[in-house]
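J.: Let me give you the structure first, and then I'll get to my questions.
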Amino acid sequence: MNEYRELQPRQRIVIVCDIEGSTGRNNRAKALVRADMFDLFEAALLDCKITEDLREPFINTGDGVITLVRPVDGVPKTLLLNTFVPALSEMLAEHAEVHPDRRFRLRVAIHSGEVHFDRQGAFGEDLDLAFRLLNSPELKLRLQQTDAPLVLAVSDHIHASVIKHGYDGIDGQSFAPIIRVDMAAQRHTGWVQVPAEAFA
């Protein structure tokens, strides 16, 4: 049976993250930091009341995580930008103070689009774009240039549909269009924010 015959995309808000410098840690240290990352990610989502029934199960990427949030009325994109990201940034900072030996920092990317699912998991162009933003040299460099616990990249779609409209708690001036991604014969812009600096 051809499982792709009835292939149907599902609208999802895509959140991906990656731990800085994870390859420099030994396996025991990685295990501790990974557990902390999942705990903090879960706590920040619950801080926004994004419970398990509003998202797909976490997808483990080894040194990061993919979260696919279902676009329902209770989870507007603004909530991720003005509540989830600042909460995660604060939790990372607090964790570093309490457990300095397990301090870690994150790159985070947010996009919204169509995601496909098969028996092996999630895939599709919009997921690819989120990872291109996450792994861009510009975002990695921006994290190196700050002491903040995380840096955030959002897609041009998120910027155009949410950030530029000046919704409460979102400072559009704190986002800079510094990422350029070429994919599928198109150029995409990524907008970067350092939340700890924007919400200071």
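Chain labels run A, B, ... following the order of the structure tokens; each chain numbers its residues from 1, and ligands are numbered from 1 in the order shown.
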From the DSSP assignment of the backbone, select every residue of stretch 16-137 of chain A that is strand (DSSP E or B), and format the answer as a list in words.

T.: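 Those in stretch 16-137 of chain A that DSSP calls strand (DSSP E or B) are Val16, Cys17, Asp18, Ile19, Arg55, Ile59, Asn60, Gly64, Val65, Ile66, Thr67, Leu68, Val69, Leu106, Arg107, Val108, Ala109, Ile110, His111, Ser112, Gly113, Glu114, Val115, His116, Phe117, Asp118, Gly121, Ala122 and Phe123 of chain A.
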
J.: Excluding A:Lys77 and any residue of its chain fewer than 6 positions from it, enumerate the residues within 12 Å of it, using only C-alpha atoms, and give them as a list in words.

T.: Arg12, Ile13, Val14, Ile15, Cys48, Ile50, Val69, Arg70, Pro71, Thr83, Phe84, Val85, Ile110, His111, Ser112, Gly113, Val154, His157, Ile158, His159, Ala160, Ser161, Val162, Ile163, Tyr167 and Ile170 of chain A

J.: Mind checking which residues fall within 12 Å of stretch 125-129 of chain A, counting only C-alpha atoms, ignoring those fewer than 4 positions away in the same chain, and posting them as a PyMOL selection string?

T.: chain A and resi 9-16+66-68+109-117+121+133-136+153-157+179-184+186-190

J.: Would you output that residue set with C-alpha atoms, as an mmCIF file, in the first residue's frame?

T.:
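Below you can see part_7.cif, which holds the result:
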```cif
data_model
loop_
_atom_site.group_PDB
_atom_site.id
_atom_site.type_symbol
_atom_site.label_atom_id
_atom_site.label_comp_id
_atom_site.auth_asym_id
_atom_site.auth_seq_id
_atom_site.Cartn_x
_atom_site.Cartn_y
_atom_site.Cartn_z
ATOM 1 C CA PRO A 9 -0.309 18.358 5.286
ATOM 2 C CA ARG A 10 -1.222 19.537 8.756
ATOM 3 C CA GLN A 11 -0.784 23.113 9.912
ATOM 4 C CA ARG A 12 1.653 23.325 12.826
ATOM 5 C CA ILE A 13 3.706 25.925 14.666
ATOM 6 C CA VAL A 14 7.248 24.556 14.514
ATOM 7 C CA ILE A 15 9.640 25.159 17.412
ATOM 8 C CA VAL A 16 13.124 23.681 17.152
ATOM 9 C CA ILE A 66 11.328 19.562 17.860
ATOM 10 C CA THR A 67 7.967 20.699 19.167
ATOM 11 C CA LEU A 68 4.991 20.860 16.815
ATOM 12 C CA ALA A 109 13.881 28.804 15.792
ATOM 13 C CA ILE A 110 10.135 29.289 15.266
ATOM 14 C CA HIS A 111 8.227 28.931 12.009
ATOM 15 C CA SER A 112 4.655 28.099 11.042
ATOM 16 C CA GLY A 113 3.542 26.020 8.099
ATOM 17 C CA GLU A 114 2.565 22.667 6.685
ATOM 18 C CA VAL A 115 4.022 19.515 8.205
ATOM 19 C CA HIS A 116 3.597 15.986 6.861
ATOM 20 C CA PHE A 117 3.576 12.808 8.945
ATOM 21 C CA GLY A 121 7.744 10.854 11.854
ATOM 22 C CA LEU A 133 17.250 28.899 10.384
ATOM 23 C CA LEU A 134 18.335 27.034 13.527
ATOM 24 C CA ASN A 135 21.616 25.868 12.017
ATOM 25 C CA SER A 136 22.463 29.045 10.126
ATOM 26 C CA ALA A 153 15.333 33.064 14.994
ATOM 27 C CA VAL A 154 11.907 33.431 13.426
ATOM 28 C CA SER A 155 10.915 33.004 9.818
ATOM 29 C CA ASP A 156 9.831 35.823 7.572
ATOM 30 C CA HIS A 157 6.306 34.381 7.792
ATOM 31 C CA ILE A 179 19.793 35.311 8.284
ATOM 32 C CA ARG A 180 19.658 34.439 4.588
ATOM 33 C CA VAL A 181 18.596 30.924 3.626
ATOM 34 C CA ASP A 182 18.400 29.636 0.043
ATOM 35 C CA MET A 183 16.063 26.672 -0.248
ATOM 36 C CA ALA A 184 13.974 25.236 -3.078
ATOM 37 C CA GLN A 186 13.809 30.674 -2.953
ATOM 38 C CA ARG A 187 15.590 33.029 -0.593
ATOM 39 C CA HIS A 188 14.215 33.189 2.943
ATOM 40 C CA THR A 189 14.966 35.756 5.616
ATOM 41 C CA GLY A 190 15.434 34.872 9.270
#
```

J.: Which is closest to A:Phe123 among A:Ser174, A:Gln145, A:Ser89, A:Gln8, if we use only C-alpha atoms?

T.: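 Of all the options, A:Gln8 lies closest to A:Phe123.
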